[in-house]
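Below is one structure, written out as structure tokens; comments come after it.
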Amino acid sequence: MEDSLGFINDLLAASIRLAAPLMLAGAGGLFTERVGIFNIGIEGTMLAGAMAAIWGSLVTGNILMATLIAMLIGVLFSVLHAYLTITRRADQIVAGAAINLFALGATNLLNTPLYASFKYRPRVDLYPILAPESLQEIPILGPILFAQPVIVWVAFVLPFILAWVLYRTTWGLNVRAVGDHPQAVATAGISVIRLKYTGVIISGLSAGLGGAALAMADLGLFAPNMTAGRGFAVLAAFVVGKWNPIYVAAACIMFGAADAFQLRAQTLGFAIPYQVFVMLPYLLTIAALAGLVGRTVAPKTIGKLYDPETI
Amino acid sequence: MVNEGDLALRMIGINKQFPGVLANDNINFELKAGEVHGLLGENGAGKTTLMNVLYGLHQPDSGEIYINGQKAEIASPKDANDLGIGMVHQHFMLVDNLTALENVVLGIPPERPPLLDLEPARARFEELVEEYDLGLDPNTPVWQLPVGDQQWLEIIKILFRETRILILDEPTAVLAPSQAMHLFRSVRRFAEEGNAIIFISHKLEEMKEVADWVTVLRDGHVVDTVDAGTAQPSQLAQMMVGRSVFLDRRERPPMDSKNEVLVIDQLNCLNDRGTPALRNLSLKVHTGEIVGVAGVDGNGQRELAECISGLRQPTSGIIHISDQLVSNVIRDTTLLGFIPEDRRKTGLVLGFTVAENLTLKTFGKTPYTKRGIIQWGLIREHANALIKDYDIRTPHSMVTTHHLSGGNQQRVVVARELSGEPALLVTCQPTRGLDIGSVEAVHKVLLRERNRGAAVLFISTELPEVMALSDRIIVMYKGEIMGELEAESADVNLIGELMLGHREASKVAVGGAG
Amino acid sequence: MKERKNVFLPIIGELVLTGGRPILAVVLALTVGAFLIIAYGKNPVEAYAAMLEGAVGSRAAIANTGVRTAPLLLGGLAVAFGFKAGLLNVGVEGQIYAGGAAAAAIGITPLPVPSWLHVTLAVIAGFIGGVLWGVIPTLLKAYRGISEIVITLMLNYVGIHFASLLIHEPSPLAKIDAFYPQSPNILPSARLPVLIKGTSLHAGLIIGLILAVIIHLALRYTPFGFRTRMTGQNPEAARYAGINVKKQIIIVLLLSAGLGGLVGTGEVLGLKWALYDFFAVGLGYDGIAVALMANSNPLAVILTAFFFGALRAGAGKMQVAVGIETPISQVVQALAVLFVIAIGFGERVRRTRLERGQEPEQEAVAHGG
């Protein structure tokens, strides 16, 4: 009885911890698709953000600075993506793939110099756990919330803030409109280009933040290709979460749980191969896409080129 | 404070040139507060361009605009909105996944930024719905609204802003007659409140029903402005089609046109929006005759051509070409030659060479393909022959087609479609965007085909060329044939009236057809 | 609508531009690479010379380059072929694993047939494996109108992990008591022949070269190729010319997926001689890069695949000689792609969409040029 409770607590804690980078990248990431731009470069941006966070921490020793540097890198990458796809009118998938290639190569290359001045790779400071021990002991709520580093709290709060922005502000209304029908927004006198750029940049900020969480929530190190496809899992979360920040966060938690489960399944020798749990979120997304009855909910013009001349 | 009778709008000396065409030629236009003013004209007359200038979508090359006596610079729709000008476009500017209320509020600066407060807007929305007697629920997502309601939503959007000058571009295109009447009542009410409305339409009844004044545009300039109540249909028609550019009627040998090549029986079909485009249309075209289809663009001509060529499935009705039933896309170039409206989009693959474009439909058949391999030598030979025959100006057949001029590109399409000596030739706006020389060439070719014995269906919005080339003329309006006339003796003003949907004229025309 | 008096200049101009842009991008990428090398405190001339030597400077080097070129060539062909019809096959990552697994299944099974037949069957199996992996998104797209991009991206990961599942016990495809998870070794009778004795250079490269020529010939000289090119350049005009665009797209997508499967087949039957976990990370996206730089021309793909293969092969020598680590080749490759996009090459890549029940509409305008 003790054991199973302990197992559940441990599983819950791990689920949330693993989900946090996804939740952070996903909350703002969906804004790029909302304005009609596919950004598959989120994967590379997260990776670059993770390295930037570690570097920032090694150089400044300040975890907040490190986080901000990660977010700045996220902005830079996303501005590049926005420039290539909106202004240079390149294909969005190709541009995103190129950015991923670049991020992978650059982080692989910089991996050694990053730690060059150290004999053994140091672990940088992690995000602190702020709640007192007593709260951490509470079953269920403890492992989910209180025993988590502060960045996880941010991961919980951010979706709500961004949901408020999306559904309760006029700017959010414009965002929800432009991905579906940019001409309608243009004739209403609003700048479509500016909206698109902003949406992509928000996804960059988010991805950078997610990368920082990946690096500094629990690990404190950079490892080559440490995102390992999380950026694509985020894309899946958009679909399952119907581009709503709160549902997307919920989808991310589900993916985190699957991840936590498959890690444990590897060592516990379940009858079901652990790979099934790894594949589950992706299969779920495909099923969601295939099983959607009636209208598709995706922003209508996602992936399409916006031509300001056509009214 | 604007009084009844004040000039709400003055447009002076508006000029707008597009490449190759003077869309607005020194146009003066005046609009009083409380007035409903109709803008009438054929395609290309300049109505939409003028309104786009007013709404800030285009900048005029010269000319001035005064709103309520004040000079105005309108550089964008936002400026236009700020000045109280609102426009309802032909294509809906609605966001499907947002609610009706959200669509209306889009672009309106909030009371307390950045918050989106729908409540004050909701109250006003319901007020307007009440006032204009609509059945609109502000919370319905737009994709669930029927087309007529969507049109109303566009209008409510306008009413929400402090609109003093309202531009409606063909607003009844998707409305049923009763809905249209409802719209007219509301338009009148809106005018009574001291606002001004500009109403673009090519439908005669509408003009007379709702407008106070009608301004007729032709070839980019204003013909005249008349009182809508007292204007005669023939008068309006004459102003609209006029005789500004007169093409000489072409000499032609009389042909024995007994055999029916194209037989259309009770054809009905829908357009892309799902509304009826053709209504119980029946038509016959015989060997050795050119049947010209006149009409304002958007009355089903395109859908007719698509049904005949098999590109569009009708909802009912039968089409035969040379006794063969049309059911799929026709690839047989001995049966049908089809010169589509937009050569760049549907007639040619611009990235292909001239030779490839000349064999776009025949590449897979013998002799151009033997045992599965394309015979490029033969294709080039064939292409060179066609280049010579049709006078296509290109150094050789392996040039990429997008380097050719518009006229030569059209010649490629024509050459390809005619090389099989088809029994039926259907052409849609074949001379659009061409220089005089190329227009001449196309006309010569059409006549040559007719003299060879082909049946030619010539669809064009350019009335002068329809009159010059056709043996018989039919006029389409709202998917129906309004009337049929012998081209030799046709009265252009009568045609104009038919184009405007004047039912009385229709009776004359049908009775008079030989 | 200007009258073009001299039509030759634009043609030559077009050729120069089409060939010139990727070359310019490569030059720019190498230049930035040179600056990076300087930042490391090394001599770029020395570094690039070492890279050149590592790529083509010896028999072993050429073999190494060839080994790396093979999957890039096949992947590039898969993507380029799709591009020709206006489609972006972003699922090569998954098709690699599906193809590799299928090829492995035949390759580890003893068959009572001569060796050449065993290899051929295994290769065909690999192709079919790729095709099967492409079927799901293609059909979902054609008949349910669902965007194939996300589904394909998801299937990539499903493919990778499914292959992983297959080589972990107790799967029938797993090697018993292996040191790390793998399939049983490919039987010698099913392995792709080695081209240069003593090296890893295998016949997968030859398969790629042959396929490049075949694809080029097919596009130029068969009605199928004509239809494909028409669909890619202007699907509306293709429809007006009576082509069943939907059918064309389905066939091309499936063939492209099959080519993707061949990438994995080559690696499994030729290089690794077993199916391993994560044996081909990133090759699918590399294929996109290769195809893009070649403007989807199958013969040019040979050149760009070779270039990127040489970069990768040479990087090892560069590390040994000058101390710059191998990921520099990835960085240069990525920069070349980014530059080529920025210069305006992948600009407006045509992508044909199949909406439910409707005819395909173009997303954007002309390809390249």
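Letters for chains follow the order of the structure tokens (A, B, ...), residue numbers begin at 1 for each chain, and ligand numbers begin at 1 in the order shown.
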Problem - Polymer residues at most 8 Å from Phe261 of chain A, only C-alpha atoms, same-chain spacing of 5 or more positions, as a ChimeraX atom specification - result: /A:11,15,277
Go ahead and dump the residues you just picked, C-alpha atoms, as a PDB file, in the first residue's frame.
```
ATOM      1  CA  LEU A  11       4.674   9.294 -11.132  1.00  0.00           C
ATOM      2  CA  SER A  15       4.663  13.789 -15.065  1.00  0.00           C
ATOM      3  CA  PHE A 277       3.697   4.687 -24.157  1.00  0.00           C
TER       4      PHE A 277
END
```
Practice task
Using DSSP on the backbone coordinates, identify the residues of segment 78-249 of chain A assigned to alpha helix (DSSP H); present them as JSON, numbers by chain.
Solution key: {"A": [78, 79, 80, 81, 82, 92, 93, 94, 95, 96, 97, 98, 99, 100, 101, 102, 103, 104, 105, 106, 107, 108, 109, 110, 111, 112, 113, 114, 133, 134, 135, 136, 137, 141, 150, 151, 152, 153, 154, 155, 156, 157, 158, 159, 160, 161, 162, 163, 164, 165, 166, 167, 168, 170, 171, 172, 173, 174, 175, 176, 177, 178, 182, 183, 184, 185, 186, 187, 192, 193, 194, 195, 196, 197, 198, 199, 200, 201, 202, 203, 204, 205, 206, 207, 208, 209, 210, 211, 212, 213, 214, 215, 216, 230, 231, 232, 233, 234, 235, 236, 237, 238, 239, 240, 245, 246, 247, 248, 249]}
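The coordinates place atom CA of Gln233 of chain C at 16.4 Å from atom CA of His216 of chain C.
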Which residues of chain A sit at most 8 Å from chain C, using only C-alpha atoms? Give each one's shortest atom pair and distance in Å (one decimal place), in chain and ascending residue order, as a Markdown table.
```
| residue | atom | partner | partner_atom | distance |
| --- | --- | --- | --- | --- |
| A:Leu84 | CA | C:Ala342 | CA | 6.2 |
| A:Arg88 | CA | C:Ala342 | CA | 6.5 |
| A:Arg89 | CA | C:Glu347 | CA | 5.6 |
| A:Ala90 | CA | C:Glu347 | CA | 4.0 |
| A:Asp91 | CA | C:Val349 | CA | 5.6 |
| A:Val94 | CA | C:Ile288 | CA | 7.3 |
| A:Ala95 | CA | C:Ile341 | CA | 7.3 |
| A:Ala97 | CA | C:Tyr285 | CA | 6.5 |
| A:Ala98 | CA | C:Ala334 | CA | 5.9 |
| A:Ile99 | CA | C:Ala334 | CA | 7.4 |
| A:Leu101 | CA | C:Ala334 | CA | 5.5 |
| A:Phe102 | CA | C:Ala334 | CA | 4.8 |
| A:Leu104 | CA | C:Gln330 | CA | 7.8 |
| A:Gly105 | CA | C:Val331 | CA | 4.7 |
| A:Ala106 | CA | C:Val331 | CA | 5.8 |
| A:Asn108 | CA | C:Pro327 | CA | 5.8 |
| A:Leu109 | CA | C:Pro327 | CA | 5.0 |
| A:Phe232 | CA | C:Leu153 | CA | 7.5 |
| A:Leu235 | CA | C:Val150 | CA | 7.7 |
| A:Ala236 | CA | C:Met154 | CA | 7.3 |
| A:Pro273 | CA | C:Leu165 | CA | 6.9 |
| A:Gln275 | CA | C:Leu165 | CA | 5.8 |
| A:Val276 | CA | C:Leu165 | CA | 7.9 |
| A:Val278 | CA | C:His161 | CA | 7.3 |
| A:Met279 | CA | C:Val158 | CA | 5.4 |
| A:Tyr282 | CA | C:Met154 | CA | 5.3 |
| A:Leu283 | CA | C:Val158 | CA | 7.3 |
| A:Thr285 | CA | C:Met154 | CA | 7.5 |
| A:Ile286 | CA | C:Ile151 | CA | 5.7 |
| A:Leu289 | CA | C:Ile146 | CA | 7.1 |
| A:Ala290 | CA | C:Leu140 | CA | 7.1 |
| A:Lys304 | CA | C:Glu363 | CA | 5.9 |
| A:Leu305 | CA | C:Ala364 | CA | 6.3 |
```
Practice task
Pull out every residue of chain A that has at least one atom within 10 Å of chain B, counting only C-alpha atoms, and report them as a ChimeraX atom specification.
Solution key: /A:164-174,176-190,295,297-300,309,311
Please produce an output containing C-alpha atoms for each residue in the selection, written as a CSV table (one decimal), in the first residue's frame.
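Output file result31.csv is given in full below:
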```csv
chain,number,residue,atom,x,y,z
A,164,TRP,CA,-6.9,35.7,-20.8
A,165,VAL,CA,-4.9,37.6,-23.5
A,166,LEU,CA,-6.3,35.5,-26.3
A,167,TYR,CA,-9.9,35.6,-25.3
A,168,ARG,CA,-10.3,38.7,-23.2
A,169,THR,CA,-8.4,41.4,-25.0
A,170,THR,CA,-9.0,43.1,-28.4
A,171,TRP,CA,-5.5,42.1,-29.5
A,172,GLY,CA,-6.4,38.5,-28.8
A,173,LEU,CA,-9.5,38.8,-30.9
A,174,ASN,CA,-7.4,40.1,-33.7
A,176,ARG,CA,-8.0,34.7,-33.5
A,177,ALA,CA,-9.3,36.4,-36.6
A,178,VAL,CA,-6.1,36.8,-38.6
A,179,GLY,CA,-5.3,33.1,-38.9
A,180,ASP,CA,-8.8,32.4,-40.2
A,181,HIS,CA,-9.4,35.3,-42.5
A,182,PRO,CA,-6.6,37.9,-42.9
A,183,GLN,CA,-8.5,39.9,-45.5
A,184,ALA,CA,-11.3,40.5,-43.0
A,185,VAL,CA,-8.7,41.8,-40.5
A,186,ALA,CA,-7.1,44.0,-43.1
A,187,THR,CA,-10.3,45.6,-44.2
A,188,ALA,CA,-11.1,46.3,-40.6
A,189,GLY,CA,-8.0,48.5,-40.6
A,190,ILE,CA,-5.6,46.2,-38.7
A,295,ARG,CA,-15.3,21.1,-38.9
A,297,VAL,CA,-10.7,23.7,-35.8
A,298,ALA,CA,-7.3,24.6,-37.1
A,299,PRO,CA,-6.8,28.2,-38.1
A,300,LYS,CA,-8.0,28.2,-41.7
A,309,GLU,CA,-2.7,42.5,-52.7
A,311,ILE,CA,-8.8,41.8,-51.2
```
Handout entry: Interface residues on chain B facing chain C, 9 Å, only C-alpha atoms, written as an NGL selection string
Key = :B and (19-20 or 309 or 311 or 328-331 or 340 or 343-352 or 356 or 360-361 or 363-365 or 369 or 372-376 or 394-395 or 399-400 or 403-407 or 433-434)
Practice task
Write out as a VMD selection string the residues lying within 10 Å of segment 77-82 of chain A, counting only C-alpha atoms and excluding same-chain residues fewer than 6 positions away.
Solution key: (chain A and resid 32 37 to 42 44 to 46 48 to 49 71 88 to 90 92 95 to 96 98 to 100 103 193 196 to 205 207 to 208) or (chain C and resid 338 342)
Mind dumping the selected residues with C-alpha atoms as a CSV table (one decimal), in the first residue's frame?
```
chain,number,residue,atom,x,y,z
A,32,THR,CA,2.2,31.2,-34.1
A,37,ILE,CA,2.2,30.4,-39.5
A,38,PHE,CA,3.5,26.9,-39.0
A,39,ASN,CA,6.6,27.1,-36.9
A,40,ILE,CA,8.1,23.6,-36.8
A,41,GLY,CA,11.3,25.4,-35.7
A,42,ILE,CA,10.1,25.3,-32.1
A,44,GLY,CA,15.4,23.9,-32.6
A,45,THR,CA,14.4,27.0,-30.7
A,46,MET,CA,13.9,25.1,-27.5
A,48,ALA,CA,19.0,26.7,-28.6
A,49,GLY,CA,17.2,28.1,-25.6
A,71,MET,CA,14.1,33.8,-24.0
A,88,ARG,CA,10.7,36.5,-47.9
A,89,ARG,CA,7.6,34.3,-48.4
A,90,ALA,CA,9.5,31.0,-48.0
A,92,GLN,CA,7.0,27.5,-43.7
A,95,ALA,CA,12.1,27.3,-43.1
A,96,GLY,CA,11.3,25.6,-39.9
A,98,ALA,CA,16.3,24.7,-41.8
A,99,ILE,CA,16.2,26.4,-38.4
A,100,ASN,CA,16.1,23.0,-36.7
A,103,ALA,CA,20.1,24.9,-34.1
A,193,ILE,CA,1.8,41.6,-41.0
A,196,LYS,CA,1.8,37.6,-37.8
A,197,TYR,CA,5.2,38.7,-36.7
A,198,THR,CA,4.1,39.1,-33.1
A,199,GLY,CA,2.5,35.7,-33.0
A,200,VAL,CA,5.7,34.1,-34.2
A,201,ILE,CA,7.8,36.0,-31.8
A,202,ILE,CA,5.6,35.0,-28.9
A,203,SER,CA,6.2,31.4,-29.9
A,204,GLY,CA,9.9,32.1,-29.8
A,205,LEU,CA,9.8,33.6,-26.3
A,207,ALA,CA,10.1,28.1,-26.8
A,208,GLY,CA,13.1,29.7,-25.2
C,338,LEU,CA,19.0,29.3,-44.8
C,342,ALA,CA,16.7,34.0,-47.9
```
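Note that the spacing between atom CA of Asn271 of chain B and atom CA of Glu303 of chain B amounts to 6.8 Å.
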Exercise for the section: Pick out the closest residue to Tyr120 of chain A from this set: A:Gly56, A:Arg34, A:Leu24, A:Leu221. Count only C-alpha atoms. Expected result: A:Leu221
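Between atom CA of Leu64 of chain A and atom CA of Gly29 of chain A the interatomic distance comes to 21.1 Å.
The shell of residues at most 7 Å from Leu336 of chain B, with only C-alpha atoms counted and near chain neighbours (fewer than 4 positions) removed, consists of B:Asp332, B:Pro422, B:Ala423, B:Leu424, B:Leu425.
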Practice task
Please identify all polymer residues within 8 Å of segment 165-175 of chain B, counting only C-alpha atoms, omitting same-chain residues fewer than 6 positions from it, and present them as a PyMOL selection string.
Solution key: chain B and resi 8+48+51+84-90+147-148+151+158+195-202+275
Practice task
For segment 468-483 of chain B, work out the shell of residues within 8 Å, counting only C-alpha atoms and skipping chain neighbours fewer than 2 positions away, then give it as a PyMOL selection string.
Solution key: chain B and resi 247-250+276-281+289-296+298-301+443+447+458+464-466+485-488+495+498-501+503+506-507+509-510
Only N, CA and C atoms, please: the residues just picked out, written as a short mmCIF file (atom, residue, chain, number, x, y, z; two decimals), in the first residue's frame.
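Output saved as out13.cif:
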```cif
data_model
loop_
_atom_site.label_atom_id
_atom_site.label_comp_id
_atom_site.auth_asym_id
_atom_site.auth_seq_id
_atom_site.Cartn_x
_atom_site.Cartn_y
_atom_site.Cartn_z
N LEU B 247 -17.14 48.56 -83.13
CA LEU B 247 -16.42 47.67 -84.02
C LEU B 247 -17.27 47.37 -85.24
N ASP B 248 -16.66 47.43 -86.37
CA ASP B 248 -17.40 47.11 -87.59
C ASP B 248 -17.84 45.66 -87.58
N ARG B 249 -19.04 45.48 -88.07
CA ARG B 249 -19.53 44.12 -88.17
C ARG B 249 -18.73 43.38 -89.24
N ARG B 250 -18.36 42.16 -88.94
CA ARG B 250 -17.51 41.43 -89.86
C ARG B 250 -18.28 40.76 -90.98
N PRO B 276 -27.59 28.91 -56.75
CA PRO B 276 -27.82 28.54 -58.16
C PRO B 276 -27.12 29.51 -59.11
N ALA B 277 -26.40 28.96 -60.08
CA ALA B 277 -25.74 29.79 -61.07
C ALA B 277 -26.47 29.73 -62.40
N LEU B 278 -27.03 28.58 -62.72
CA LEU B 278 -27.78 28.43 -63.96
C LEU B 278 -29.16 27.89 -63.63
N ARG B 279 -30.16 28.49 -64.27
CA ARG B 279 -31.54 28.06 -63.99
C ARG B 279 -32.24 27.63 -65.27
N ASN B 280 -32.46 26.31 -65.35
CA ASN B 280 -33.25 25.78 -66.49
C ASN B 280 -32.82 26.38 -67.82
N LEU B 281 -31.52 26.37 -68.05
CA LEU B 281 -31.02 27.01 -69.26
C LEU B 281 -31.03 26.02 -70.41
N GLU B 289 -22.02 28.60 -87.04
CA GLU B 289 -22.57 29.84 -86.49
C GLU B 289 -21.82 30.24 -85.23
N ILE B 290 -21.78 31.56 -85.01
CA ILE B 290 -21.21 32.07 -83.76
C ILE B 290 -22.36 32.58 -82.91
N VAL B 291 -22.55 31.97 -81.76
CA VAL B 291 -23.54 32.45 -80.82
C VAL B 291 -22.81 33.25 -79.74
N GLY B 292 -23.11 34.54 -79.68
CA GLY B 292 -22.46 35.38 -78.69
C GLY B 292 -23.27 35.41 -77.40
N VAL B 293 -22.61 35.29 -76.27
CA VAL B 293 -23.30 35.36 -74.97
C VAL B 293 -22.91 36.67 -74.32
N ALA B 294 -23.89 37.59 -74.26
CA ALA B 294 -23.64 38.89 -73.63
C ALA B 294 -24.17 38.86 -72.21
N GLY B 295 -23.70 39.78 -71.41
CA GLY B 295 -24.19 39.84 -70.04
C GLY B 295 -23.12 40.41 -69.13
N VAL B 296 -23.55 40.94 -68.02
CA VAL B 296 -22.62 41.44 -67.02
C VAL B 296 -21.95 40.24 -66.38
N GLY B 298 -20.62 37.53 -64.02
CA GLY B 298 -21.14 36.99 -62.77
C GLY B 298 -22.59 36.55 -62.87
N ASN B 299 -23.10 36.41 -64.07
CA ASN B 299 -24.47 35.96 -64.22
C ASN B 299 -24.57 34.53 -64.69
N GLY B 300 -23.51 33.79 -64.51
CA GLY B 300 -23.55 32.36 -64.81
C GLY B 300 -22.74 31.98 -66.03
N GLN B 301 -22.12 32.94 -66.67
CA GLN B 301 -21.38 32.63 -67.90
C GLN B 301 -20.26 31.63 -67.65
N HIS B 443 -10.20 37.60 -83.20
CA HIS B 443 -11.47 37.71 -83.93
C HIS B 443 -11.39 37.01 -85.29
N LEU B 447 -13.76 33.77 -86.54
CA LEU B 447 -14.55 33.80 -87.77
C LEU B 447 -14.11 32.67 -88.70
N PHE B 458 -19.41 32.09 -78.01
CA PHE B 458 -18.49 33.19 -77.74
C PHE B 458 -19.02 33.99 -76.56
N PRO B 464 -19.33 45.40 -77.72
CA PRO B 464 -19.00 45.70 -79.11
C PRO B 464 -18.50 44.49 -79.88
N GLU B 465 -17.64 43.69 -79.25
CA GLU B 465 -17.13 42.56 -80.02
C GLU B 465 -18.18 41.46 -80.17
N VAL B 466 -19.03 41.32 -79.18
CA VAL B 466 -20.12 40.34 -79.32
C VAL B 466 -20.99 40.73 -80.52
N LEU B 485 -31.40 37.30 -79.93
CA LEU B 485 -31.62 38.19 -81.08
C LEU B 485 -30.70 37.82 -82.23
N GLU B 486 -31.13 38.14 -83.43
CA GLU B 486 -30.25 38.06 -84.59
C GLU B 486 -29.28 39.22 -84.48
N ALA B 487 -28.00 38.91 -84.59
CA ALA B 487 -27.00 39.95 -84.37
C ALA B 487 -27.05 41.04 -85.44
N GLU B 488 -27.35 40.63 -86.66
CA GLU B 488 -27.38 41.56 -87.78
C GLU B 488 -28.24 42.79 -87.49
N ILE B 495 -30.33 45.12 -75.99
CA ILE B 495 -29.40 44.20 -75.34
C ILE B 495 -29.03 44.73 -73.96
N LEU B 498 -31.71 44.04 -71.56
CA LEU B 498 -31.72 42.62 -71.16
C LEU B 498 -30.62 42.35 -70.16
N MET B 499 -29.48 42.98 -70.38
CA MET B 499 -28.36 42.77 -69.46
C MET B 499 -28.72 43.28 -68.07
N LEU B 500 -29.59 44.27 -68.03
CA LEU B 500 -29.98 44.81 -66.74
C LEU B 500 -31.14 44.04 -66.13
N GLY B 501 -31.60 43.03 -66.84
CA GLY B 501 -32.65 42.21 -66.26
C GLY B 501 -34.04 42.75 -66.49
N ARG B 503 -37.36 42.79 -67.63
CA ARG B 503 -38.25 41.72 -68.09
C ARG B 503 -39.06 42.10 -69.31
N SER B 506 -37.33 41.55 -72.34
CA SER B 506 -37.19 40.13 -72.61
C SER B 506 -38.32 39.63 -73.50
N LYS B 507 -39.48 40.12 -73.21
CA LYS B 507 -40.62 39.65 -74.00
C LYS B 507 -40.45 40.08 -75.45
N ALA B 509 -37.67 40.61 -77.00
CA ALA B 509 -36.56 39.90 -77.62
C ALA B 509 -36.94 38.48 -78.01
N VAL B 510 -37.57 37.79 -77.08
CA VAL B 510 -37.90 36.39 -77.35
C VAL B 510 -38.89 36.31 -78.49
#
```
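For Ala52 of chain A, the non-local neighbours within 9 Å, defined as residues at least 6 positions apart in the same chain or in other chains and counting only C-alpha atoms, are A:Ala66, A:Thr67, A:Ile69, A:Ala70, A:Met71, A:Leu72, A:Ile73, A:Gly208, A:Gly211, A:Ala212.
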If you keep N, CA and C atoms, can you produce a file of those selected residues as a PDB file, in the first residue's frame?
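Output saved as selection04.pdb:
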```pdb
ATOM      1  N   ALA A  66      19.761  33.951 -16.699  1.00  0.00           N
ATOM      2  CA  ALA A  66      19.893  32.826 -17.622  1.00  0.00           C
ATOM      3  C   ALA A  66      18.582  32.588 -18.348  1.00  0.00           C
ATOM      4  N   THR A  67      17.488  32.652 -17.612  1.00  0.00           N
ATOM      5  CA  THR A  67      16.169  32.444 -18.224  1.00  0.00           C
ATOM      6  C   THR A  67      15.893  33.511 -19.270  1.00  0.00           C
ATOM      7  N   ILE A  69      18.043  35.250 -20.944  1.00  0.00           N
ATOM      8  CA  ILE A  69      18.899  35.043 -22.116  1.00  0.00           C
ATOM      9  C   ILE A  69      18.314  33.959 -23.006  1.00  0.00           C
ATOM     10  N   ALA A  70      17.802  32.919 -22.390  1.00  0.00           N
ATOM     11  CA  ALA A  70      17.178  31.850 -23.171  1.00  0.00           C
ATOM     12  C   ALA A  70      16.004  32.402 -23.978  1.00  0.00           C
ATOM     13  N   MET A  71      15.218  33.227 -23.350  1.00  0.00           N
ATOM     14  CA  MET A  71      14.064  33.790 -24.039  1.00  0.00           C
ATOM     15  C   MET A  71      14.516  34.724 -25.167  1.00  0.00           C
ATOM     16  N   LEU A  72      15.607  35.415 -24.941  1.00  0.00           N
ATOM     17  CA  LEU A  72      16.120  36.300 -25.982  1.00  0.00           C
ATOM     18  C   LEU A  72      16.545  35.498 -27.211  1.00  0.00           C
ATOM     19  N   ILE A  73      17.240  34.407 -26.958  1.00  0.00           N
ATOM     20  CA  ILE A  73      17.610  33.525 -28.070  1.00  0.00           C
ATOM     21  C   ILE A  73      16.356  33.045 -28.797  1.00  0.00           C
ATOM     22  N   GLY A 208      11.919  29.483 -26.006  1.00  0.00           N
ATOM     23  CA  GLY A 208      13.140  29.748 -25.250  1.00  0.00           C
ATOM     24  C   GLY A 208      12.940  29.440 -23.777  1.00  0.00           C
ATOM     25  N   GLY A 211      12.907  25.820 -23.235  1.00  0.00           N
ATOM     26  CA  GLY A 211      14.264  25.283 -23.264  1.00  0.00           C
ATOM     27  C   GLY A 211      14.969  25.509 -21.941  1.00  0.00           C
ATOM     28  N   ALA A 212      14.766  26.706 -21.373  1.00  0.00           N
ATOM     29  CA  ALA A 212      15.385  26.998 -20.083  1.00  0.00           C
ATOM     30  C   ALA A 212      14.879  26.027 -19.025  1.00  0.00           C
TER      31      ALA A 212
END
```
